[in-house]
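input17.csv follows; it contains CSV, C-alpha atoms.
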chain,number,residue,atom,x,y,z
E,259,MET,CA,10.9,12.6,-0.2
E,260,PHE,CA,8.4,12.9,-3.0
E,261,THR,CA,4.6,13.0,-3.0
E,262,GLY,CA,1.8,13.2,-5.6
E,263,HIS,CA,-1.8,12.2,-6.3
E,264,TYR,CA,-2.3,8.9,-7.9
E,265,THR,CA,-4.4,10.4,-10.7
E,266,GLU,CA,-1.4,12.4,-11.9
E,267,VAL,CA,0.4,9.1,-12.8
E,268,GLU,CA,-0.3,7.6,-16.3
E,269,ALA,CA,-2.7,4.7,-16.3
E,270,LYS,CA,-0.9,2.1,-18.4
E,271,ALA,CA,-2.4,-0.9,-20.1
E,272,PRO,CA,-1.1,-4.1,-18.5
E,273,GLY,CA,1.4,-6.2,-20.3
E,274,MET,CA,-0.7,-9.3,-19.5
E,275,ALA,CA,-2.8,-10.6,-22.3
E,276,GLY,CA,-6.5,-10.5,-21.5
E,277,ALA,CA,-6.3,-8.3,-18.4
E,278,GLN,CA,-9.0,-5.6,-18.4
E,279,ALA,CA,-7.2,-3.2,-16.1
E,280,THR,CA,-4.8,-0.3,-16.0
E,281,THR,CA,-1.8,0.1,-13.7
E,282,ARG,CA,-0.3,3.3,-12.3
E,283,TRP,CA,3.2,2.9,-11.1
E,284,LEU,CA,3.4,5.4,-8.2
E,285,ILE,CA,6.6,4.5,-6.5
E,286,THR,CA,9.2,2.6,-8.5
E,287,ARG,CA,12.8,1.6,-8.8
E,288,GLU,CA,13.3,4.4,-11.3
E,289,ARG,CA,12.0,6.9,-8.7
E,290,GLY,CA,14.3,5.7,-6.1
E,291,ALA,CA,12.5,2.8,-4.3
E,292,PRO,CA,15.1,0.2,-3.2
E,293,ASN,CA,12.9,-2.8,-2.4
E,294,PHE,CA,9.3,-2.7,-3.6
E,295,ALA,CA,7.0,-0.9,-6.0
E,296,LEU,CA,3.6,0.6,-5.1
E,297,ARG,CA,1.0,0.7,-7.9
E,298,VAL,CA,-2.7,1.5,-8.2
E,299,ILE,CA,-4.6,-1.1,-10.3
E,300,GLU,CA,-8.0,-0.2,-11.7
E,301,ILE,CA,-10.6,-2.5,-13.2
E,302,ALA,CA,-13.1,-0.1,-14.6
E,303,GLY,CA,-16.5,-1.9,-15.0
E,304,ARG,CA,-18.6,-4.6,-13.6
E,305,GLY,CA,-17.5,-8.1,-14.8
E,306,GLU,CA,-14.2,-6.9,-16.1
E,307,ARG,CA,-11.3,-9.1,-14.9
E,308,ILE,CA,-7.6,-9.7,-14.6
E,309,PRO,CA,-7.7,-13.4,-15.4
E,310,LEU,CA,-6.2,-16.2,-13.3
E,311,HIS,CA,-2.4,-16.1,-13.5
E,312,GLU,CA,0.6,-16.7,-11.4
E,313,HIS,CA,4.1,-15.4,-10.9
E,314,PRO,CA,7.0,-16.0,-8.5
E,315,TYR,CA,6.4,-13.0,-6.3
E,316,GLU,CA,3.8,-11.9,-3.8
E,317,HIS,CA,1.0,-9.2,-3.9
E,318,GLU,CA,0.1,-7.0,-1.0
E,319,ILE,CA,-3.2,-5.3,-1.7
E,320,PHE,CA,-5.4,-2.7,-0.2
E,321,VAL,CA,-8.7,-1.7,-1.7
E,322,PHE,CA,-9.7,2.0,-1.6
E,323,GLU,CA,-12.6,2.3,-4.0
E,324,GLY,CA,-15.2,0.0,-5.5
E,325,ARG,CA,-16.2,-3.6,-5.0
E,326,GLY,CA,-14.6,-6.7,-6.4
E,327,ARG,CA,-13.4,-10.2,-5.9
E,328,VAL,CA,-10.0,-11.9,-5.7
E,329,PHE,CA,-10.0,-15.5,-6.7
E,330,SER,CA,-7.7,-18.4,-6.9
E,331,ASP,CA,-8.3,-21.7,-8.7
E,332,SER,CA,-10.1,-23.0,-5.6
E,333,GLU,CA,-11.7,-20.0,-3.8
E,334,GLY,CA,-12.8,-16.4,-4.0
E,335,ARG,CA,-13.0,-13.5,-1.5
E,336,ASP,CA,-15.2,-10.4,-1.9
E,337,LEU,CA,-13.3,-7.1,-1.6
E,338,GLU,CA,-14.6,-3.7,-0.5
E,339,PRO,CA,-12.9,-0.5,0.6
E,340,GLY,CA,-10.7,-1.1,3.6
E,341,ASP,CA,-10.0,-4.7,2.7
E,342,TYR,CA,-6.5,-6.0,2.3
E,343,ALA,CA,-5.3,-9.2,0.5
E,344,PHE,CA,-2.1,-11.2,0.5
E,345,VAL,CA,-1.4,-13.4,-2.5
E,346,PRO,CA,1.8,-15.5,-1.8
E,347,PRO,CA,4.4,-16.1,-4.4
E,348,GLY,CA,3.4,-18.8,-6.9
E,349,GLU,CA,-0.3,-18.8,-6.0
E,350,LYS,CA,-2.8,-18.6,-8.9
E,351,HIS,CA,-5.0,-15.5,-8.6
E,352,GLY,CA,-7.2,-13.1,-10.5
E,353,PHE,CA,-9.4,-10.1,-9.8
E,354,GLU,CA,-12.9,-9.1,-10.9
E,355,ASN,CA,-14.9,-5.9,-10.5
E,356,THR,CA,-18.3,-6.9,-9.0
E,357,GLY,CA,-19.6,-3.3,-8.5
E,358,ASP,CA,-21.1,-0.4,-10.4
E,359,SER,CA,-18.0,1.8,-10.2
E,360,PRO,CA,-14.3,1.4,-10.8
E,361,LEU,CA,-12.5,-1.1,-8.5
E,362,ARG,CA,-9.2,0.6,-7.4
E,363,PHE,CA,-6.6,-1.0,-5.2
E,364,ILE,CA,-3.0,-0.6,-4.1
E,365,CYS,CA,-0.8,-3.5,-5.1
E,366,VAL,CA,2.7,-3.7,-3.8
E,367,ILE,CA,5.3,-6.0,-5.4
E,368,PRO,CA,9.0,-6.6,-4.8
E,369,ILE,CA,11.2,-4.8,-7.2
E,370,ARG,CA,12.6,-7.1,-9.9
E,371,PRO,CA,16.3,-7.4,-10.7
E,372,LEU,CA,17.5,-4.9,-13.3
E,373,GLY,CA,16.6,-6.1,-16.8
E,374,GLU,CA,13.5,-8.0,-15.7
E,375,ARG,CA,10.0,-6.6,-16.0
E,376,SER,CA,6.8,-7.4,-14.2
E,377,HIS,CA,4.1,-9.0,-16.3
E,378,LEU,CA,2.0,-5.9,-15.4
E,379,ALA,CA,4.2,-3.2,-16.9
Y,59,MET,CA,-4.1,-16.1,0.1
Y,60,PHE,CA,-5.7,-14.3,2.9
Y,61,THR,CA,-7.9,-11.3,3.1
Y,62,GLY,CA,-9.6,-9.1,5.8
Y,63,HIS,CA,-10.8,-5.6,6.6
Y,64,TYR,CA,-8.3,-3.4,8.2
Y,65,THR,CA,-10.6,-2.5,11.1
Y,66,GLU,CA,-10.4,-6.2,12.2
Y,67,VAL,CA,-6.7,-5.8,13.0
Y,68,GLU,CA,-5.7,-4.5,16.4
Y,69,ALA,CA,-4.7,-0.8,16.5
Y,70,LYS,CA,-1.5,-0.8,18.5
Y,71,ALA,CA,0.2,2.1,20.2
Y,72,PRO,CA,3.4,2.9,18.4
Y,73,GLY,CA,6.7,2.0,20.1
Y,74,MET,CA,8.1,5.4,19.3
Y,75,ALA,CA,8.0,7.9,22.2
Y,76,GLY,CA,5.8,10.9,21.5
Y,77,ALA,CA,4.0,9.5,18.5
Y,78,GLN,CA,0.2,10.3,18.6
Y,79,ALA,CA,-0.8,7.4,16.3
Y,80,THR,CA,-1.8,3.8,16.1
Y,81,THR,CA,-0.5,1.1,13.8
Y,82,ARG,CA,-2.4,-1.9,12.4
Y,83,TRP,CA,-0.1,-4.5,11.0
Y,84,LEU,CA,-2.2,-6.0,8.2
Y,85,ILE,CA,0.4,-8.1,6.3
Y,86,THR,CA,3.5,-9.2,8.2
Y,87,ARG,CA,6.3,-11.7,8.3
Y,88,GLU,CA,4.4,-13.7,10.9
Y,89,ARG,CA,1.5,-14.0,8.4
Y,90,GLY,CA,3.7,-15.1,5.6
Y,91,ALA,CA,5.0,-12.0,3.9
Y,92,PRO,CA,8.5,-12.6,2.6
Y,93,ASN,CA,9.7,-9.1,1.8
Y,94,PHE,CA,7.6,-6.2,3.1
Y,95,ALA,CA,4.9,-5.4,5.7
Y,96,LEU,CA,1.7,-3.5,5.0
Y,97,ARG,CA,0.3,-1.4,7.8
Y,98,VAL,CA,-2.4,1.2,8.4
Y,99,ILE,CA,-1.3,4.2,10.4
Y,100,GLU,CA,-3.9,6.4,12.0
Y,101,ILE,CA,-3.5,9.9,13.5
Y,102,ALA,CA,-6.8,10.5,15.1
Y,103,GLY,CA,-7.2,14.3,15.6
Y,104,ARG,CA,-6.2,17.6,14.2
Y,105,GLY,CA,-2.7,18.7,15.3
Y,106,GLU,CA,-1.7,15.2,16.5
Y,107,ARG,CA,1.6,14.1,15.2
Y,108,ILE,CA,4.3,11.5,14.6
Y,109,PRO,CA,7.3,13.7,15.4
Y,110,LEU,CA,10.3,14.1,13.2
Y,111,HIS,CA,12.4,10.9,13.3
Y,112,GLU,CA,14.6,8.8,11.0
Y,113,HIS,CA,15.4,5.1,10.4
Y,114,PRO,CA,17.5,3.2,7.8
Y,115,TYR,CA,14.5,2.0,5.8
Y,116,GLU,CA,12.0,3.6,3.4
Y,117,HIS,CA,8.3,4.3,3.7
Y,118,GLU,CA,5.9,3.9,0.8
Y,119,ILE,CA,2.7,5.6,1.7
Y,120,PHE,CA,-0.9,6.0,0.3
Y,121,VAL,CA,-3.5,8.1,2.0
Y,122,PHE,CA,-7.0,6.8,2.0
Y,123,GLU,CA,-8.8,9.0,4.6
Y,124,GLY,CA,-8.4,12.4,6.1
Y,125,ARG,CA,-6.1,15.3,5.6
Y,126,GLY,CA,-2.5,15.7,6.8
Y,127,ARG,CA,1.0,16.7,6.2
Y,128,VAL,CA,4.3,14.8,5.8
Y,129,PHE,CA,7.3,16.9,6.8
Y,130,SER,CA,11.1,16.7,6.8
Y,131,ASP,CA,13.5,19.0,8.6
Y,132,SER,CA,13.4,21.3,5.5
Y,133,GLU,CA,10.0,21.0,3.8
Y,134,GLY,CA,6.4,19.8,4.2
Y,135,ARG,CA,3.8,18.4,1.8
Y,136,ASP,CA,0.0,18.4,2.3
Y,137,LEU,CA,-1.7,15.0,2.0
Y,138,GLU,CA,-5.2,14.1,1.0
Y,139,PRO,CA,-6.9,10.9,0.0
Y,140,GLY,CA,-5.3,9.5,-3.2
Y,141,ASP,CA,-1.9,11.0,-2.4
Y,142,TYR,CA,1.2,8.8,-2.2
Y,143,ALA,CA,4.5,9.6,-0.5
Y,144,PHE,CA,7.9,8.1,-0.6
Y,145,VAL,CA,10.3,8.7,2.3
Y,146,PRO,CA,13.8,7.4,1.4
Y,147,PRO,CA,15.9,5.4,3.9
Y,148,GLY,CA,17.7,7.8,6.4
Y,149,GLU,CA,15.6,10.9,5.7
Y,150,LYS,CA,14.1,12.7,8.6
Y,151,HIS,CA,10.3,12.7,8.5
Y,152,GLY,CA,7.1,13.2,10.5
Y,153,PHE,CA,3.4,13.3,10.0
Y,154,GLU,CA,0.5,15.5,11.2
Y,155,ASN,CA,-3.2,15.4,11.0
Y,156,THR,CA,-4.4,18.7,9.6
Y,157,GLY,CA,-8.1,17.9,9.2
Y,158,ASP,CA,-11.2,17.3,11.3
Y,159,SER,CA,-11.3,13.6,11.0
Y,160,PRO,CA,-8.8,10.8,11.4
Y,161,LEU,CA,-5.9,10.7,9.0
Y,162,ARG,CA,-5.4,7.1,7.8
Y,163,PHE,CA,-2.7,5.9,5.5
Y,164,ILE,CA,-1.1,2.7,4.2
Y,165,CYS,CA,2.6,2.6,5.1
Y,166,VAL,CA,4.7,-0.2,3.6
Y,167,ILE,CA,8.2,-1.0,5.1
Y,168,PRO,CA,10.7,-3.7,4.3
Y,169,ILE,CA,10.6,-6.7,6.6
Y,170,ARG,CA,13.4,-6.6,9.2
Y,171,PRO,CA,15.8,-9.4,9.8
Y,172,LEU,CA,14.5,-11.9,12.4
Y,173,GLY,CA,15.2,-10.6,15.9
Y,174,GLU,CA,15.0,-6.9,14.9
Y,175,ARG,CA,11.9,-4.9,15.4
Y,176,SER,CA,10.6,-1.8,13.7
Y,177,HIS,CA,10.4,1.3,15.9
Y,178,LEU,CA,6.7,1.3,15.2
Y,179,ALA,CA,5.8,-2.1,16.6
Represent the supplied structure as structure tokens.
Amino acid sequence: MFTGHYTEVEAKAPGMAGAQATTRWLITRERGAPNFALRVIEIAGRGERIPLHEHPYEHEIFVFEGRGRVFSDSEGRDLEPGDYAFVPPGEKHGFENTGDSPLRFICVIPIRPLGERSHLA
Amino acid sequence: MFTGHYTEVEAKAPGMAGAQATTRWLITRERGAPNFALRVIEIAGRGERIPLHEHPYEHEIFVFEGRGRVFSDSEGRDLEPGDYAFVPPGEKHGFENTGDSPLRFICVIPIRPLGERSHLA
């Protein structure tokens, strides 16, 4: 097994153009995960966003700090600590910080075939 | 998409004999997840445990409340909020609450083939 604190993992700028966020890849294929990767995504300040986008894989999300919103092209849901969200493969979605402190959430994605990269890394 | 607060999901007794814990299945195959399930596991009081056990699938864990310990048959690691843990498939592991409040953590597992059930549900 391995363990660590999420703050010890580098906060990387996302690969996605226009995303005002950082991603910490805590548990990855490179560290031995066979099926899915566990990341912490942070949107630092109020009004900052990951804009509407889509990809062929799902998100499983759990908010542990801050306030925000997940939105699609047709609806939005407020998020607070203890909230979870499921975004199915192929559904347009984005995130916004709606609070006065950093929004931080766990976001789990399936591991991509070797040679492919997530849009967020 | 769907969202919710983890406390709205039923806290079920684990299927595993001797486990002093509850499991809330937030995102599951039944709710549309194609690849992995996201649960909240709670060990309520100091000294309560999920005993040493093993299974052929991994755990990806993130602690959001409380203090505890993850242990194998050869080592132990303290856990606090913001800590993550990876337990590889087949590795013996258990958990203990070492604090004065409930230990609560996210635990993600791969979705089992139809007809199979996780030992924790």
Based on all atoms listed in the file, which of the residues in chain E come within 7 Å of chain Y? I want them as a compact mmCIF listing (two decimals) with C-alpha atoms, keeping the file's coordinate frame.
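The resulting out18.txt:
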# COMPACT_ATOMS: atom_id res chain seq x y z
CA MET E 259 10.90 12.60 -0.20
CA PHE E 260 8.40 12.90 -3.00
CA THR E 261 4.60 13.00 -3.00
CA GLY E 262 1.80 13.20 -5.60
CA HIS E 263 -1.80 12.20 -6.30
CA TYR E 264 -2.30 8.90 -7.90
CA PHE E 322 -9.70 2.00 -1.60
CA GLY E 340 -10.70 -1.10 3.60
CA ASP E 341 -10.00 -4.70 2.70
CA TYR E 342 -6.50 -6.00 2.30
CA ALA E 343 -5.30 -9.20 0.50
CA PHE E 344 -2.10 -11.20 0.50
CA VAL E 345 -1.40 -13.40 -2.50
CA PRO E 346 1.80 -15.50 -1.80
Separation of CA of Ala279 (chain E) from CA of Ile99 (chain Y), in Å and rounded to one decimal: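 For CA of Ala279 (chain E) relative to CA of Ile99 (chain Y), the distance reads 28.1 Å.
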Selected residue, from Y:Gly73, Y:Pro114, Y:Gly148, Y:Gly126, that lies nearest to Glu100 (chain Y) when counting only C-alpha atoms: Y:Gly126
Test item: residues at most 9 Å from Pro360 (chain E), all atoms listed in the file, excluding those fewer than 5 positions along its chain, as a PyMOL selection string: chain E and resi 300-304+323-325+355
Best match for closeness to Arg107 (chain Y) among Y:Ser132, Y:Ala69, Y:Glu154, Y:Arg127, counting all atoms listed in the file: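 Using all atoms listed in the file, the shortest distance to Arg107 (chain Y) belongs to Y:Glu154.
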